[in-house]
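Notes to accompany the following structure.
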Amino acid sequence: MSDTAFNDDLLEKELFGGDSDELDMDEMMGIGLDDDNSMAGAAISAVVSPSTDVKAKVEAKLEEPKLQAQVPKLEIELDDPAGTLTVLDHAPRPRNMATNSCRTYDILPTMAFLNQYQIHAATSVSNMRWVFTGGEDGYIKKWDFYATVNNKQPLTLGQRHSHVDSVAKGGVMASYWEHNDVNESGVDVLSPVYSMDVQSEAMWLVSGMKSGSIALWTVRHDEGRRITLLSKHKKPVSVLRISPDEYGVVSGAWDRAVLYWDLNTGKLARAFAGHMSQISSIEFQPWSAQVQAQDVDTEPVDKRASPVLLTTSIDGQCLLWDMRAPKALPQSFHLPKKTPPWATSACWSCDGRRIYVGRRNNTVDEYELGMGSQPSRTLKLPMNSGPVTALAMMGNNRSLVCASTDNVRMWDLASVERRSSVPFQIIPGHHGGTISTILVDETSRYMLTTSGNRGWDGSSNNVFLGYEVTPIG
């Protein structure tokens with residue numbers, strides 16, 4: 001066999017497989033390659049003189065969409081029959097979002113919820129009447145937020161000593177229950193709470209476990225009873241989001257899978273394959289964006305929930321899914337140059353036209369829908385601020401709350417480009433810990449922040465604070 005023939009056989013085997021030593025393209029794709037290269041280009045550079053037939057196959061391979069080749073396979077068995085994608089068939093729950101036109105806010109910490117362990121997840125009902133937290137201790141705790149705001153349990157002088165002067169109200173815990181999972185022997189064991197979301201009227205709650213199971217709990221009646229376990233994920237469930245119609249839930253886990261569950265049947269409705277690392281955040285596009293995009297004078301308003309889903313993974317990947325297309329590839333937002341691959345939080349603007357992603361290098365990237373895959377601008381925090389771990393948009397659609405290791409800041413997005421003023425203000429309270437969650441109520445009158453590393457890198461001071469928010473301007 002000549003050298004040219006041998007090289008042709010070797011190249012064809014590496015690119016398209018052979019009888020022996022077949023390569024797994026899914027595992028090799030994207031490892032050690034630049035954006036302008038591919039597996040075919042790497043193989044070409046190693047071959048001296050390929051023949052015309054092999055060159056034609058290589059050119060055909062290069063013309064395939066890169067994203068399609070990079071989509072990893074999920075080891076998830078779909079249910080037969082599959083569940084229903086409920087978000088496309090039901091109207092969303094009505095929300096009383098306050099989109100005020102104030103210039104900024106005065107955010108002052110006044111409440112401290114005493115807690116001895118890291119809080120990985122926090123959620124609340126629509127009016128923030130009840131707040132639920134879970135973390136490393138393996139318990140789900142229910143807090144009475146109304147009693148806390150009304151100062152039914154003031155902090156003692158010793159308890160106030162570790163907080164800023166404005167913090168005087170103590171968190172009122174209403175109840176708690178064990179976050180039990182079932183091990184291989186069928187015995188209940190405590191599991192850390194890695195994710196959580198609650199129905200808008202506190203009828204039921206879902207939580208993510210270390211084993212990969214999702215537990216559905218009763219809250220309003222027979223509180224703390226586990227109704228069922230949804231088991232498809234293989235590793236800890238890091239994110240849970242109830243769909244806007246509240247008939248389904250979307251889960252993301254450390255196994256790279258994003259799954260949509262039909263809660264009417266408990267069946268898996270769809271699996272989204274596209275991420276290369278652990279899922280860090282999931283957000284539905286605000287429903288108001290879909291309504292604003294239509295002319296109500298000429299067309300009827302679509303009362304269904306927005307079918308656009310935003311997901312991020314810990315490696316910095318940010319994908320946008322159109323849930324109406326079952327097999328469509330997601331839109332990918334690119335990392336800026338010299339930005340390390342890392343992201344634990346992302347959020348939408350109130351109008352659903354912009355996306356904000358927190359990065360490891362003290363920055364927040366802003367992406368605009370319909371303006372390409374590169375960020376439209378980057379918000380730069382002061383040096384040594386630490387990774388951005390949590391984000392939340394206020395009701396005026398111009399104030400972005402951003403949590404990093406050193407402090408919690410509120411950015412005025414309208415004044416970022418002006419160099420005559422500082423574009424952010426520091427919100428007192430947190431310092432020197434990883435923030436796991438920022439919750440803002442629908443009226444933008446109250447805010448909550450919790451401290452915890454969500455099972456990833458970072459330290460925690462176990463602080464759980466409540467803030468009173470006043471519009472200004």
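Following the order of the structure tokens, first chain is A, next is B, and so on, with residues numbered from 1 inside each chain and ligands from 1 in the order they appear.
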Using only C-alpha atoms, I'd like a table of the residues in segment 130-151 of chain A that come within 8 Å of segment 101-120 of chain A; for each, show the closest atom pair and its distance in Å rounded to one decimal, ordered by chain and ascending number, as a tab-separated table.
residue	atom	partner	partner_atom	distance
A:Thr133	CA	A:Ile119	CA	6.6
A:Gly134	CA	A:Ile119	CA	5.6
A:Gly135	CA	A:Ile119	CA	4.2
A:Glu136	CA	A:Gln118	CA	5.7
A:Asp137	CA	A:Tyr117	CA	6.3
A:Thr148	CA	A:Met111	CA	7.3
A:Val149	CA	A:Met111	CA	7.4
Write out, as a short mmCIF file (atom, residue, chain, number, x, y, z; two decimals), in the first residue's frame, the residues just selected, with all heavy atoms.
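Final file, part-v5.cif:
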data_model
loop_
_atom_site.label_atom_id
_atom_site.label_comp_id
_atom_site.auth_asym_id
_atom_site.auth_seq_id
_atom_site.Cartn_x
_atom_site.Cartn_y
_atom_site.Cartn_z
N THR A 133 -37.07 28.37 51.75
CA THR A 133 -35.64 28.24 51.54
C THR A 133 -35.21 26.79 51.77
O THR A 133 -35.87 26.04 52.50
CB THR A 133 -34.84 29.16 52.48
OG1 THR A 133 -35.11 28.79 53.85
CG2 THR A 133 -35.20 30.62 52.26
N GLY A 134 -34.11 26.42 51.16
CA GLY A 134 -33.53 25.09 51.36
C GLY A 134 -32.05 25.14 51.09
O GLY A 134 -31.58 25.95 50.28
N GLY A 135 -31.31 24.27 51.75
CA GLY A 135 -29.87 24.31 51.59
C GLY A 135 -29.17 23.05 52.02
O GLY A 135 -29.70 21.94 51.90
N GLU A 136 -27.98 23.24 52.57
CA GLU A 136 -27.09 22.12 52.88
C GLU A 136 -27.60 21.27 54.03
O GLU A 136 -27.24 20.09 54.14
CB GLU A 136 -25.70 22.68 53.22
CG GLU A 136 -24.58 21.65 53.19
CD GLU A 136 -24.34 21.10 51.79
OE1 GLU A 136 -24.52 21.84 50.82
OE2 GLU A 136 -23.96 19.91 51.70
N ASP A 137 -28.44 21.81 54.91
CA ASP A 137 -28.89 21.05 56.08
C ASP A 137 -29.94 20.00 55.75
O ASP A 137 -30.22 19.13 56.57
CB ASP A 137 -29.43 21.99 57.15
CG ASP A 137 -30.57 22.87 56.65
OD1 ASP A 137 -30.75 22.93 55.42
OD2 ASP A 137 -31.27 23.48 57.48
N THR A 148 -42.80 39.04 59.40
CA THR A 148 -41.45 39.58 59.49
C THR A 148 -41.42 41.07 59.19
O THR A 148 -40.79 41.86 59.92
CB THR A 148 -40.52 38.83 58.51
OG1 THR A 148 -40.55 37.43 58.79
CG2 THR A 148 -39.10 39.34 58.63
N VAL A 149 -42.11 41.50 58.13
CA VAL A 149 -42.14 42.92 57.76
C VAL A 149 -42.79 43.75 58.86
O VAL A 149 -42.35 44.88 59.15
CB VAL A 149 -42.89 43.10 56.42
CG1 VAL A 149 -43.13 44.57 56.13
CG2 VAL A 149 -42.11 42.47 55.29
#
Find the spatial neighbours of segment 395-408 of chain A, counting only C-alpha atoms, within a cut-off of 6 Å - ignore same-chain residues fewer than 2 positions away - and output them as JSON, numbers by chain. {"A": [98, 99, 100, 101, 350, 385, 386, 387, 388, 389, 390, 391, 392, 393, 410, 411, 412, 413, 427, 430, 431, 432, 433, 434, 444]}
Who sits within 12 Å of Val308 of chain A, only C-alpha atoms, same chain under 2 positions skipped, as JSON, numbers by chain: {"A": [87, 88, 243, 244, 282, 283, 284, 285, 286, 287, 289, 290, 304, 305, 306, 310, 311, 319, 320, 321, 322, 323, 324, 325, 330, 331, 348, 352, 353, 369]}
Taking the chain letters and numbering used in this document, name the residues of segment 234-391 of chain A that DSSP puts in helix (DSSP H, G or I), as a PyMOL selection string. chain A and resi 287-292
Proximity check segment 167-228 of chain A to segment 436-441 of chain A, 12 Å, nearest pairs one decimal Å, only C-alpha atoms, as a tab-separated table:
residue	atom	partner	partner_atom	distance
A:Tyr194	CA	A:Ser436	CA	10.4
A:Ser195	CA	A:Ser436	CA	10.4
A:Met196	CA	A:Thr437	CA	11.0
A:Asp197	CA	A:Leu439	CA	11.8
A:Ser200	CA	A:Asp441	CA	11.7
Of the listed residues A:Met371, A:Val463, A:Met209, A:Leu259, that which approaches Ile242 of chain A most closely, counting only C-alpha atoms: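 Using only C-alpha atoms, the shortest distance to Ile242 of chain A belongs to A:Leu259.
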Near His233 of chain A, counting only C-alpha atoms, which residues have an atom at most 9 Å away, once you skip same-chain residues fewer than 6 positions from it, shown as a list in words?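 My list of contacting residues is Glu75, Ile76, Ser211, Gly212, Ser213, Ile214, Ser251, Gly252, Ala253, Trp254, Asp255, Ala257 and Leu259 of chain A.
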Fewer than 6 positions away in the same chain doesn't count, so skip those; otherwise give me all residues within 8 Å of segment 261-263 of chain A, counting only C-alpha atoms, as a tab-separated table (two decimals) with C-alpha atoms, in the first residue's frame.
chain	number	residue	atom	x	y	z
A	83	GLY	CA	-46.16	14.23	28.30
A	84	THR	CA	-47.68	17.41	26.90
A	85	LEU	CA	-45.78	20.67	26.49
A	86	THR	CA	-48.36	22.45	28.61
A	247	TYR	CA	-49.06	22.92	34.57
A	248	GLY	CA	-45.43	22.02	33.92
A	249	VAL	CA	-41.93	22.45	35.32
A	250	VAL	CA	-38.52	22.76	33.66
A	251	SER	CA	-35.52	21.18	35.37
A	269	ALA	CA	-42.59	16.05	27.67
A	270	ARG	CA	-39.29	17.09	26.09
Within 9 Å of Val164 of chain A using only C-alpha atoms, minus same-chain residues under 3 positions, as a PDB file with C-alpha atoms, in the first residue's frame:
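Writing done, so here's selection39.pdb:
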ATOM      1  CA  PRO A 109     -31.924  46.054  54.482  1.00  0.00           C
ATOM      2  CA  THR A 110     -34.293  45.857  57.443  1.00  0.00           C
ATOM      3  CA  ARG A 160     -28.233  42.888  65.422  1.00  0.00           C
ATOM      4  CA  HIS A 161     -24.526  43.272  66.146  1.00  0.00           C
ATOM      5  CA  VAL A 167     -31.477  45.598  60.259  1.00  0.00           C
ATOM      6  CA  ALA A 168     -33.777  45.226  63.278  1.00  0.00           C
ATOM      7  CA  PRO A 428     -25.608  47.536  52.125  1.00  0.00           C
ATOM      8  CA  GLY A 429     -25.942  44.222  53.926  1.00  0.00           C
TER       9      GLY A 429
END
Atom CA of Leu268 of chain A to atom CA of Thr228 of chain A: how many Å, to one decimal?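 Spanning atom CA of Leu268 of chain A to atom CA of Thr228 of chain A is a straight-line distance of 14.0 Å.
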Tell me, which residues of segment 365-407 of chain A carry DSSP strand (DSSP E or B), written as a VMD selection string? chain A and resid 365 to 368 377 to 380 390 to 393 399 to 403
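When only C-alpha atoms are used to compute distances to Met276 of chain A, the closest of the residues A:Pro423, A:Pro336, A:Pro307, A:Pro341 turns out to be A:Pro341.
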Residue nearest Gly170 of chain A - candidates A:Phe145, A:Tyr356, A:Phe424, A:Trp342, atoms counted: only C-alpha atoms: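 Closest candidate: A:Phe145.
In this comparison, which uses only C-alpha atoms, the residue of A:Lys73, A:Glu201, A:Asn180, A:Ala328 approaching Arg93 of chain A most closely is A:Glu201.
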